[in-house]
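Asks: Structure: entry26.cif, mmCIF, N, CA and C atoms.
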```
data_target
#
loop_
_atom_site.label_atom_id
_atom_site.label_comp_id
_atom_site.auth_asym_id
_atom_site.auth_seq_id
_atom_site.Cartn_x
_atom_site.Cartn_y
_atom_site.Cartn_z
N MET A 1 15.80 -2.89 1.88
CA MET A 1 14.39 -3.08 1.59
C MET A 1 13.67 -1.73 1.67
N ALA A 2 12.91 -1.42 0.65
CA ALA A 2 12.10 -0.21 0.66
C ALA A 2 10.69 -0.54 1.15
N LEU A 3 9.99 0.49 1.59
CA LEU A 3 8.65 0.35 2.15
C LEU A 3 7.69 1.22 1.35
N TRP A 4 6.47 0.73 1.18
CA TRP A 4 5.50 1.37 0.31
C TRP A 4 4.10 1.31 0.90
N LEU A 5 3.19 1.99 0.25
CA LEU A 5 1.76 1.86 0.53
C LEU A 5 1.07 1.71 -0.81
N LEU A 6 0.23 0.68 -0.93
CA LEU A 6 -0.53 0.42 -2.15
C LEU A 6 -2.01 0.57 -1.84
N LYS A 7 -2.68 1.41 -2.63
CA LYS A 7 -4.11 1.62 -2.43
C LYS A 7 -4.93 0.73 -3.35
N SER A 8 -6.00 0.19 -2.80
CA SER A 8 -6.96 -0.57 -3.59
C SER A 8 -8.35 -0.32 -3.03
N GLU A 9 -9.30 -0.17 -3.92
CA GLU A 9 -10.69 -0.03 -3.46
C GLU A 9 -11.17 -1.42 -3.05
N PRO A 10 -11.59 -1.59 -1.81
CA PRO A 10 -11.91 -2.94 -1.33
C PRO A 10 -13.09 -3.60 -2.06
N ASP A 11 -13.95 -2.81 -2.69
CA ASP A 11 -15.04 -3.41 -3.44
C ASP A 11 -14.58 -3.87 -4.83
N VAL A 12 -13.34 -3.49 -5.21
CA VAL A 12 -12.75 -3.95 -6.46
C VAL A 12 -11.75 -5.08 -6.19
N TYR A 13 -10.80 -4.84 -5.28
CA TYR A 13 -9.85 -5.87 -4.87
C TYR A 13 -9.42 -5.58 -3.44
N SER A 14 -9.79 -6.46 -2.53
CA SER A 14 -9.56 -6.23 -1.10
C SER A 14 -8.41 -7.09 -0.58
N TRP A 15 -8.03 -6.81 0.65
CA TRP A 15 -7.03 -7.63 1.35
C TRP A 15 -7.48 -9.09 1.36
N GLU A 16 -8.75 -9.32 1.64
CA GLU A 16 -9.28 -10.68 1.67
C GLU A 16 -9.11 -11.36 0.31
N ASP A 17 -9.25 -10.60 -0.78
CA ASP A 17 -9.04 -11.15 -2.11
C ASP A 17 -7.58 -11.58 -2.28
N LEU A 18 -6.64 -10.74 -1.82
CA LEU A 18 -5.23 -11.08 -1.93
C LEU A 18 -4.91 -12.33 -1.11
N VAL A 19 -5.45 -12.42 0.08
CA VAL A 19 -5.22 -13.61 0.91
C VAL A 19 -5.76 -14.85 0.19
N ARG A 20 -6.95 -14.74 -0.36
CA ARG A 20 -7.55 -15.87 -1.10
C ARG A 20 -6.69 -16.27 -2.29
N ASP A 21 -6.20 -15.26 -3.05
CA ASP A 21 -5.45 -15.53 -4.28
C ASP A 21 -4.01 -15.95 -4.02
N GLY A 22 -3.44 -15.52 -2.89
CA GLY A 22 -2.06 -15.86 -2.56
C GLY A 22 -1.02 -14.98 -3.23
N GLU A 23 -1.35 -14.38 -4.34
CA GLU A 23 -0.48 -13.45 -5.07
C GLU A 23 -1.35 -12.77 -6.13
N THR A 24 -0.98 -11.54 -6.49
CA THR A 24 -1.72 -10.86 -7.55
C THR A 24 -0.80 -9.94 -8.33
N VAL A 25 -1.23 -9.60 -9.52
CA VAL A 25 -0.58 -8.58 -10.32
C VAL A 25 -1.19 -7.24 -9.91
N TRP A 26 -0.32 -6.32 -9.47
CA TRP A 26 -0.78 -4.98 -9.08
C TRP A 26 -0.73 -4.12 -10.33
N ASP A 27 -1.86 -4.04 -11.02
CA ASP A 27 -1.92 -3.38 -12.32
C ASP A 27 -2.92 -2.23 -12.31
N GLY A 28 -3.05 -1.59 -13.44
CA GLY A 28 -4.04 -0.53 -13.59
C GLY A 28 -3.58 0.84 -13.13
N VAL A 29 -2.33 0.99 -12.73
CA VAL A 29 -1.81 2.29 -12.28
C VAL A 29 -1.56 3.16 -13.50
N ARG A 30 -2.20 4.33 -13.54
CA ARG A 30 -2.12 5.21 -14.70
C ARG A 30 -1.72 6.63 -14.32
N ASN A 31 -0.83 6.74 -13.37
CA ASN A 31 -0.29 8.03 -12.95
C ASN A 31 1.23 7.90 -13.03
N ALA A 32 1.88 8.90 -13.64
CA ALA A 32 3.33 8.80 -13.87
C ALA A 32 4.13 8.65 -12.58
N GLN A 33 3.78 9.42 -11.55
CA GLN A 33 4.55 9.33 -10.30
C GLN A 33 4.31 7.99 -9.61
N ALA A 34 3.06 7.52 -9.59
CA ALA A 34 2.77 6.23 -8.99
C ALA A 34 3.47 5.11 -9.78
N ALA A 35 3.50 5.23 -11.11
CA ALA A 35 4.18 4.23 -11.93
C ALA A 35 5.68 4.24 -11.67
N ALA A 36 6.26 5.43 -11.47
CA ALA A 36 7.68 5.52 -11.13
C ALA A 36 7.95 4.80 -9.81
N ASN A 37 7.01 4.92 -8.86
CA ASN A 37 7.16 4.21 -7.59
C ASN A 37 7.11 2.70 -7.81
N LEU A 38 6.21 2.22 -8.68
CA LEU A 38 6.18 0.79 -9.00
C LEU A 38 7.51 0.34 -9.59
N LYS A 39 8.06 1.15 -10.50
CA LYS A 39 9.33 0.81 -11.14
C LYS A 39 10.48 0.73 -10.13
N ALA A 40 10.36 1.47 -9.03
CA ALA A 40 11.40 1.48 -8.00
C ALA A 40 11.32 0.29 -7.05
N MET A 41 10.24 -0.47 -7.10
CA MET A 41 10.05 -1.59 -6.19
C MET A 41 10.97 -2.76 -6.55
N ALA A 42 11.40 -3.46 -5.50
CA ALA A 42 12.25 -4.64 -5.67
C ALA A 42 11.61 -5.82 -4.94
N VAL A 43 11.97 -7.01 -5.36
CA VAL A 43 11.49 -8.21 -4.68
C VAL A 43 11.89 -8.13 -3.22
N GLY A 44 10.94 -8.40 -2.34
CA GLY A 44 11.18 -8.35 -0.90
C GLY A 44 10.74 -7.05 -0.25
N ASP A 45 10.56 -5.99 -1.04
CA ASP A 45 10.01 -4.76 -0.48
C ASP A 45 8.64 -5.06 0.12
N GLU A 46 8.29 -4.34 1.18
CA GLU A 46 6.98 -4.53 1.80
C GLU A 46 6.14 -3.28 1.62
N ALA A 47 4.82 -3.48 1.67
CA ALA A 47 3.89 -2.38 1.48
C ALA A 47 2.69 -2.55 2.39
N PHE A 48 2.19 -1.43 2.88
CA PHE A 48 0.89 -1.45 3.53
C PHE A 48 -0.16 -1.65 2.44
N PHE A 49 -1.10 -2.52 2.69
CA PHE A 49 -2.27 -2.69 1.82
C PHE A 49 -3.32 -1.75 2.38
N TYR A 50 -3.69 -0.76 1.59
CA TYR A 50 -4.57 0.32 2.04
C TYR A 50 -5.90 0.24 1.31
N HIS A 51 -6.98 0.16 2.06
CA HIS A 51 -8.31 0.19 1.47
C HIS A 51 -8.72 1.65 1.27
N SER A 52 -8.84 2.05 0.01
CA SER A 52 -9.22 3.43 -0.29
C SER A 52 -10.73 3.52 -0.53
N ASN A 53 -11.22 4.72 -0.52
CA ASN A 53 -12.64 5.04 -0.74
C ASN A 53 -13.55 4.45 0.34
N ILE A 54 -13.56 3.14 0.48
CA ILE A 54 -14.37 2.50 1.53
C ILE A 54 -13.40 2.07 2.62
N GLY A 55 -13.53 2.65 3.80
CA GLY A 55 -12.67 2.31 4.91
C GLY A 55 -11.53 3.28 5.12
N LYS A 56 -10.85 3.66 4.04
CA LYS A 56 -9.71 4.59 4.11
C LYS A 56 -8.80 4.25 5.27
N ALA A 57 -8.18 3.06 5.16
CA ALA A 57 -7.33 2.58 6.25
C ALA A 57 -6.28 1.61 5.73
N ALA A 58 -5.11 1.65 6.35
CA ALA A 58 -4.10 0.62 6.14
C ALA A 58 -4.58 -0.60 6.91
N VAL A 59 -4.70 -1.73 6.22
CA VAL A 59 -5.29 -2.91 6.86
C VAL A 59 -4.33 -4.09 6.99
N ALA A 60 -3.23 -4.07 6.21
CA ALA A 60 -2.37 -5.25 6.18
C ALA A 60 -1.02 -4.91 5.56
N ILE A 61 -0.16 -5.91 5.51
CA ILE A 61 1.15 -5.80 4.87
C ILE A 61 1.25 -6.86 3.78
N CYS A 62 1.76 -6.42 2.62
CA CYS A 62 2.04 -7.36 1.53
C CYS A 62 3.50 -7.20 1.12
N ARG A 63 3.98 -8.13 0.30
CA ARG A 63 5.39 -8.12 -0.11
C ARG A 63 5.46 -8.21 -1.63
N VAL A 64 6.39 -7.46 -2.21
CA VAL A 64 6.63 -7.52 -3.65
C VAL A 64 7.31 -8.84 -3.98
N THR A 65 6.72 -9.59 -4.92
CA THR A 65 7.28 -10.88 -5.32
C THR A 65 7.85 -10.87 -6.73
N GLU A 66 7.52 -9.84 -7.50
CA GLU A 66 8.09 -9.69 -8.84
C GLU A 66 8.19 -8.20 -9.13
N PRO A 67 9.37 -7.74 -9.59
CA PRO A 67 9.54 -6.31 -9.86
C PRO A 67 8.76 -5.89 -11.12
N ALA A 68 8.82 -4.62 -11.42
CA ALA A 68 8.04 -4.03 -12.51
C ALA A 68 8.23 -4.76 -13.84
N PHE A 69 7.08 -4.95 -14.49
CA PHE A 69 7.03 -5.55 -15.83
C PHE A 69 5.88 -4.87 -16.57
N PRO A 70 5.77 -5.01 -17.88
CA PRO A 70 4.69 -4.34 -18.60
C PRO A 70 3.32 -4.73 -18.06
N ASP A 71 2.49 -3.74 -17.81
CA ASP A 71 1.15 -3.97 -17.27
C ASP A 71 0.31 -4.70 -18.32
N PRO A 72 -0.15 -5.91 -18.00
CA PRO A 72 -0.93 -6.67 -18.98
C PRO A 72 -2.28 -6.04 -19.34
N THR A 73 -2.74 -5.07 -18.54
CA THR A 73 -4.01 -4.41 -18.85
C THR A 73 -3.82 -3.15 -19.70
N ASP A 74 -2.58 -2.86 -20.07
CA ASP A 74 -2.26 -1.64 -20.82
C ASP A 74 -1.90 -1.96 -22.27
N PRO A 75 -2.80 -1.70 -23.22
CA PRO A 75 -2.49 -1.99 -24.62
C PRO A 75 -1.41 -1.08 -25.22
N THR A 76 -1.10 0.04 -24.56
CA THR A 76 -0.10 0.96 -25.10
C THR A 76 1.32 0.54 -24.75
N GLY A 77 1.49 -0.30 -23.72
CA GLY A 77 2.81 -0.71 -23.29
C GLY A 77 3.55 0.34 -22.48
N LYS A 78 2.86 1.41 -22.12
CA LYS A 78 3.49 2.52 -21.39
C LYS A 78 3.61 2.25 -19.88
N TRP A 79 2.66 1.53 -19.33
CA TRP A 79 2.55 1.39 -17.87
C TRP A 79 3.10 0.07 -17.39
N VAL A 80 3.40 0.02 -16.08
CA VAL A 80 3.97 -1.18 -15.48
C VAL A 80 3.10 -1.71 -14.35
N ALA A 81 3.39 -2.94 -13.95
CA ALA A 81 2.73 -3.59 -12.83
C ALA A 81 3.82 -4.32 -12.04
N VAL A 82 3.49 -4.74 -10.83
CA VAL A 82 4.33 -5.62 -10.03
C VAL A 82 3.46 -6.75 -9.51
N LYS A 83 4.08 -7.77 -8.94
CA LYS A 83 3.32 -8.81 -8.26
C LYS A 83 3.54 -8.67 -6.77
N VAL A 84 2.47 -8.91 -6.00
CA VAL A 84 2.55 -8.87 -4.55
C VAL A 84 1.85 -10.09 -3.95
N ALA A 85 2.27 -10.42 -2.74
CA ALA A 85 1.68 -11.52 -1.99
C ALA A 85 1.39 -11.04 -0.57
N PRO A 86 0.42 -11.66 0.10
CA PRO A 86 0.10 -11.24 1.46
C PRO A 86 1.18 -11.62 2.45
N VAL A 87 1.37 -10.78 3.47
CA VAL A 87 2.26 -11.09 4.59
C VAL A 87 1.41 -11.31 5.83
N LYS A 88 0.72 -10.25 6.28
CA LYS A 88 -0.14 -10.39 7.47
C LYS A 88 -1.04 -9.17 7.60
N PRO A 89 -2.17 -9.35 8.27
CA PRO A 89 -3.01 -8.19 8.57
C PRO A 89 -2.37 -7.37 9.69
N LEU A 90 -2.70 -6.10 9.74
CA LEU A 90 -2.28 -5.27 10.88
C LEU A 90 -3.08 -5.71 12.10
N ALA A 91 -2.60 -5.39 13.28
CA ALA A 91 -3.31 -5.73 14.51
C ALA A 91 -4.73 -5.18 14.46
N ARG A 92 -4.88 -4.04 13.82
CA ARG A 92 -6.19 -3.46 13.53
C ARG A 92 -5.95 -2.40 12.46
N PRO A 93 -6.98 -2.07 11.66
CA PRO A 93 -6.80 -1.04 10.64
C PRO A 93 -6.41 0.31 11.26
N VAL A 94 -5.56 1.04 10.54
CA VAL A 94 -5.19 2.40 10.93
C VAL A 94 -5.78 3.33 9.88
N THR A 95 -6.72 4.15 10.32
CA THR A 95 -7.46 4.98 9.38
C THR A 95 -6.67 6.20 8.92
N LEU A 96 -7.09 6.74 7.78
CA LEU A 96 -6.49 7.96 7.26
C LEU A 96 -6.67 9.09 8.27
N ALA A 97 -7.80 9.17 8.92
CA ALA A 97 -8.03 10.22 9.93
C ALA A 97 -7.02 10.11 11.06
N GLU A 98 -6.73 8.90 11.52
CA GLU A 98 -5.72 8.71 12.56
C GLU A 98 -4.35 9.16 12.08
N MET A 99 -4.02 8.80 10.85
CA MET A 99 -2.72 9.18 10.30
C MET A 99 -2.60 10.70 10.21
N LYS A 100 -3.66 11.35 9.76
CA LYS A 100 -3.64 12.81 9.63
C LYS A 100 -3.50 13.49 10.99
N ALA A 101 -4.02 12.86 12.02
CA ALA A 101 -3.96 13.43 13.37
C ALA A 101 -2.61 13.19 14.05
N GLU A 102 -1.77 12.38 13.45
CA GLU A 102 -0.49 12.00 14.06
C GLU A 102 0.62 12.94 13.58
N PRO A 103 1.18 13.76 14.49
CA PRO A 103 2.24 14.71 14.08
C PRO A 103 3.43 14.04 13.39
N ALA A 104 3.78 12.84 13.80
CA ALA A 104 4.93 12.15 13.22
C ALA A 104 4.70 11.77 11.75
N LEU A 105 3.45 11.84 11.30
CA LEU A 105 3.13 11.48 9.92
C LEU A 105 2.81 12.71 9.08
N GLY A 106 3.15 13.88 9.56
CA GLY A 106 2.82 15.13 8.86
C GLY A 106 3.41 15.25 7.47
N GLN A 107 4.53 14.59 7.22
CA GLN A 107 5.17 14.64 5.89
C GLN A 107 4.92 13.38 5.06
N PHE A 108 4.12 12.48 5.59
CA PHE A 108 3.81 11.22 4.90
C PHE A 108 3.18 11.53 3.55
N GLN A 109 3.70 10.91 2.50
CA GLN A 109 3.23 11.22 1.15
C GLN A 109 1.77 10.86 0.95
N LEU A 110 1.25 9.88 1.65
CA LEU A 110 -0.18 9.56 1.55
C LEU A 110 -1.02 10.78 1.91
N ILE A 111 -0.57 11.53 2.89
CA ILE A 111 -1.31 12.72 3.34
C ILE A 111 -1.02 13.91 2.44
N ARG A 112 0.22 14.07 2.03
CA ARG A 112 0.62 15.22 1.22
C ARG A 112 0.16 15.12 -0.23
N GLN A 113 0.10 13.90 -0.77
CA GLN A 113 -0.33 13.68 -2.15
C GLN A 113 -1.36 12.56 -2.14
N SER A 114 -2.52 12.86 -1.62
CA SER A 114 -3.52 11.84 -1.34
C SER A 114 -4.07 11.14 -2.58
N ARG A 115 -3.87 11.70 -3.76
CA ARG A 115 -4.39 11.08 -4.98
C ARG A 115 -3.53 9.92 -5.48
N LEU A 116 -2.26 9.86 -5.05
CA LEU A 116 -1.38 8.81 -5.54
C LEU A 116 -1.80 7.44 -4.99
N SER A 117 -1.77 6.44 -5.87
CA SER A 117 -2.17 5.09 -5.45
C SER A 117 -1.01 4.23 -4.98
N VAL A 118 0.22 4.71 -5.22
CA VAL A 118 1.42 4.00 -4.78
C VAL A 118 2.36 5.05 -4.22
N VAL A 119 2.66 4.95 -2.92
CA VAL A 119 3.53 5.95 -2.30
C VAL A 119 4.62 5.28 -1.47
N PRO A 120 5.80 5.91 -1.42
CA PRO A 120 6.84 5.40 -0.53
C PRO A 120 6.50 5.70 0.92
N VAL A 121 7.01 4.87 1.80
CA VAL A 121 6.82 5.06 3.24
C VAL A 121 8.21 5.07 3.87
N ARG A 122 8.52 6.12 4.61
CA ARG A 122 9.81 6.19 5.31
C ARG A 122 9.79 5.20 6.48
N PRO A 123 10.95 4.67 6.86
CA PRO A 123 10.99 3.71 7.98
C PRO A 123 10.32 4.23 9.26
N ALA A 124 10.52 5.50 9.61
CA ALA A 124 9.90 6.04 10.82
C ALA A 124 8.38 6.10 10.68
N GLU A 125 7.89 6.38 9.47
CA GLU A 125 6.43 6.41 9.22
C GLU A 125 5.87 4.99 9.33
N TRP A 126 6.58 4.05 8.76
CA TRP A 126 6.17 2.63 8.83
C TRP A 126 6.05 2.20 10.30
N ALA A 127 7.08 2.50 11.07
CA ALA A 127 7.08 2.11 12.49
C ALA A 127 5.94 2.78 13.24
N ARG A 128 5.67 4.03 12.95
CA ARG A 128 4.60 4.74 13.67
C ARG A 128 3.23 4.17 13.33
N ILE A 129 3.01 3.83 12.06
CA ILE A 129 1.72 3.23 11.68
C ILE A 129 1.56 1.87 12.36
N LEU A 130 2.62 1.08 12.41
CA LEU A 130 2.54 -0.20 13.13
C LEU A 130 2.23 0.03 14.61
N ASP A 131 2.86 1.06 15.20
CA ASP A 131 2.59 1.39 16.60
C ASP A 131 1.13 1.80 16.80
N LEU A 132 0.61 2.61 15.89
CA LEU A 132 -0.80 3.04 15.99
C LEU A 132 -1.73 1.82 15.98
N ALA A 133 -1.44 0.85 15.14
CA ALA A 133 -2.27 -0.35 15.09
C ALA A 133 -2.23 -1.10 16.41
N LYS A 134 -1.07 -1.16 17.03
CA LYS A 134 -0.92 -1.86 18.31
C LYS A 134 -1.49 -1.07 19.47
N GLU A 135 -1.31 0.27 19.47
CA GLU A 135 -1.78 1.09 20.58
C GLU A 135 -3.28 0.99 20.76
N ALA A 136 -4.01 1.04 19.69
CA ALA A 136 -5.46 0.96 19.80
C ALA A 136 -5.89 -0.42 20.28
N THR A 137 -5.14 -1.44 19.89
CA THR A 137 -5.45 -2.80 20.35
C THR A 137 -5.26 -2.89 21.87
N ARG A 138 -4.17 -2.29 22.36
CA ARG A 138 -3.91 -2.32 23.80
C ARG A 138 -4.96 -1.55 24.58
N ALA A 139 -5.45 -0.47 23.99
CA ALA A 139 -6.43 0.37 24.68
C ALA A 139 -7.81 -0.28 24.73
N SER A 140 -8.05 -1.23 23.84
CA SER A 140 -9.39 -1.86 23.78
C SER A 140 -9.64 -2.77 24.96
#
```
When written as structure tokens, how does the structure in this file appear?

Replies:
Amino acid sequence: MALWLLKSEPDVYSWEDLVRDGETVWDGVRNAQAAANLKAMAVGDEAFFYHSNIGKAAVAICRVTEPAFPDPTDPTGKWVAVKVAPVKPLARPVTLAEMKAEPALGQFQLIRQSRLSVVPVRPAEWARILDLAKEATRAS
């Protein structure tokens, strides 16, 4: 199973929208590297659902339910989409600022290539982000 991070602007499509819908087509990706990441996804892969622009935080986990297929919003047929479904919210959101401050995430592609809307997450990065969500909860 591979791990990913998917960015969405919460005022366009939020975690709450995905929970309400139960599943969605992750479309509209128009960057070659991000599209290559979508093409690499397999059913069962998990991803952090990341609220970009507003909030700038990983807020939840979703799962790929259908691998790459032609993006229905692309009249050229060049781009792809996947389907995802909600798994669970994080114990609490983990902000981009927290991730940047964490030495263990120094090579995280979200930080190194912040413009990409779909990035791979290494298992150690995934575990550290989950730990960050839990640590702040314990400290509260």

Asks: Determine the nearest neighbour of Tyr13 in chain A from the options A:Asp74, A:His51, A:Glu102, A:Phe108, counting only N, CA and C atoms.

Replies: A:His51

Asks: Report as a VMD selection string all protein, DNA and RNA residues lying within 7 Å of range 118-131 of chain A, evaluated on only N, CA and C atoms, omitting residues in the same chain fewer than 2 positions from it.

Replies: chain A and resid 2 to 7 33 to 35 37 to 38 94 104 to 105 108 to 110 115 to 116 133 to 136

Asks: Can you pull out the residues contacting Lys56 in chain A? Cut-off 8 Å, using all atoms listed in the file, and skip same-chain residues under 6 positions away; I want them as an NGL selection string.

Replies: :A and (10 or 50 or 93-97)

Asks: Would you give me, as CSV, each residue of range 35-54 of chain A having an atom within 5 Å of an atom of range 59-73 of chain A, along with its shortest atom pair and that distance in Å to one decimal, using all atoms listed in the file and sorting by chain and residue number?

Replies:
```
residue,atom,partner,partner_atom,distance
A:Val43,CA,A:Val64,C,4.3
A:Gly44,N,A:Val64,C,4.0
A:Asp45,C,A:Val64,N,4.0
A:Glu46,CA,A:Arg63,CA,4.4
A:Ala47,N,A:Cys62,C,4.0
A:Phe48,CA,A:Ala60,C,4.4
A:Phe49,N,A:Ala60,C,3.7
A:Tyr50,CA,A:Val59,N,4.7
```

Asks: Run DSSP on the backbone and grab whatever in range 15-105 of chain A lands in alpha helix (DSSP H); send it over as a PyMOL selection string.

Replies: chain A and resi 15-21+32-40+96-101

Asks: So the first atom is atom N of Asn31 in chain A and the second is atom N of Ala57 in chain A; what is the distance between them in Å, to one decimal place?

Replies: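 Here the two named atoms are 20.3 Å from each other.
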
Asks: Record the distance separating atom C of Lys100 in chain A and CA of Met1 in chain A, expressed in Å with one decimal.

Replies: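 Spanning atom C of Lys100 in chain A to CA of Met1 in chain A is a straight-line distance of 26.1 Å.
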
Asks: Will you give me range 17-91 of chain A, written with C-alpha atoms and laid out as a short mmCIF file (atom, residue, chain, number, x, y, z; two decimals), in the first residue's frame?

Replies:
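result-v1.cif, freshly written:
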```cif
data_model
loop_
_atom_site.label_atom_id
_atom_site.label_comp_id
_atom_site.auth_asym_id
_atom_site.auth_seq_id
_atom_site.Cartn_x
_atom_site.Cartn_y
_atom_site.Cartn_z
CA ASP A 17 -18.01 17.32 1.85
CA LEU A 18 -16.26 13.97 1.34
CA VAL A 19 -17.84 12.55 4.49
CA ARG A 20 -21.26 13.75 3.31
CA ASP A 21 -20.76 12.33 -0.20
CA GLY A 22 -19.21 9.03 0.91
CA GLU A 23 -16.97 8.96 -2.18
CA THR A 24 -15.79 11.45 -4.79
CA VAL A 25 -13.92 11.74 -8.04
CA TRP A 26 -10.58 13.46 -7.36
CA ASP A 27 -10.40 15.48 -10.56
CA GLY A 28 -9.10 18.78 -11.87
CA VAL A 29 -5.39 17.99 -11.43
CA ARG A 30 -3.50 19.82 -14.20
CA ASN A 31 0.15 19.34 -13.26
CA ALA A 32 2.18 16.59 -14.93
CA GLN A 33 3.96 15.44 -11.76
CA ALA A 34 0.77 15.46 -9.68
CA ALA A 35 -1.02 13.56 -12.47
CA ALA A 36 1.80 10.99 -12.51
CA ASN A 37 1.21 10.54 -8.78
CA LEU A 38 -2.51 9.96 -9.43
CA LYS A 39 -1.60 7.36 -12.07
CA ALA A 40 0.57 5.57 -9.50
CA MET A 41 -2.29 5.19 -7.02
CA ALA A 42 -3.89 1.81 -6.42
CA VAL A 43 -7.13 0.75 -4.76
CA GLY A 44 -6.54 0.63 -1.01
CA ASP A 45 -3.82 3.28 -0.96
CA GLU A 46 -4.42 5.86 1.75
CA ALA A 47 -3.95 9.62 1.65
CA PHE A 48 -3.99 12.52 4.03
CA PHE A 49 -6.82 14.88 3.12
CA TYR A 50 -5.13 18.28 3.27
CA HIS A 51 -6.99 21.58 3.41
CA SER A 52 -4.94 24.03 1.34
CA ASN A 53 -5.11 27.83 1.26
CA ILE A 54 -7.58 27.98 4.17
CA GLY A 55 -6.26 26.10 7.19
CA LYS A 56 -3.17 24.61 5.52
CA ALA A 57 -3.41 21.39 7.49
CA ALA A 58 -3.76 17.64 7.12
CA VAL A 59 -7.20 17.01 8.59
CA ALA A 60 -8.13 13.42 7.79
CA ILE A 61 -7.38 10.17 5.97
CA CYS A 62 -9.09 8.96 2.82
CA ARG A 63 -8.68 5.79 0.75
CA VAL A 64 -8.39 5.27 -3.01
CA THR A 65 -11.42 3.30 -4.21
CA GLU A 66 -10.81 3.44 -7.96
CA PRO A 67 -7.46 3.80 -9.75
CA ALA A 68 -6.69 6.40 -12.41
CA PHE A 69 -9.19 6.88 -15.21
CA PRO A 70 -9.76 9.75 -17.69
CA ASP A 71 -10.67 12.93 -15.82
CA PRO A 72 -14.32 13.68 -16.69
CA THR A 73 -13.64 17.43 -16.37
CA ASP A 74 -10.90 17.33 -19.04
CA PRO A 75 -12.15 17.70 -22.62
CA THR A 76 -8.64 16.98 -23.98
CA GLY A 77 -8.44 13.48 -22.48
CA LYS A 78 -4.90 14.20 -21.26
CA TRP A 79 -5.52 14.21 -17.50
CA VAL A 80 -6.62 11.56 -15.02
CA ALA A 81 -8.68 11.32 -11.85
CA VAL A 82 -9.14 8.73 -9.09
CA LYS A 83 -11.98 8.01 -6.69
CA VAL A 84 -11.54 8.34 -2.94
CA ALA A 85 -13.67 7.66 0.12
CA PRO A 86 -13.34 8.90 3.70
CA VAL A 87 -11.59 6.78 6.33
CA LYS A 88 -11.37 8.97 9.45
CA PRO A 89 -10.44 12.42 10.68
CA LEU A 90 -7.07 12.92 12.33
CA ALA A 91 -7.11 13.30 16.12
#
```
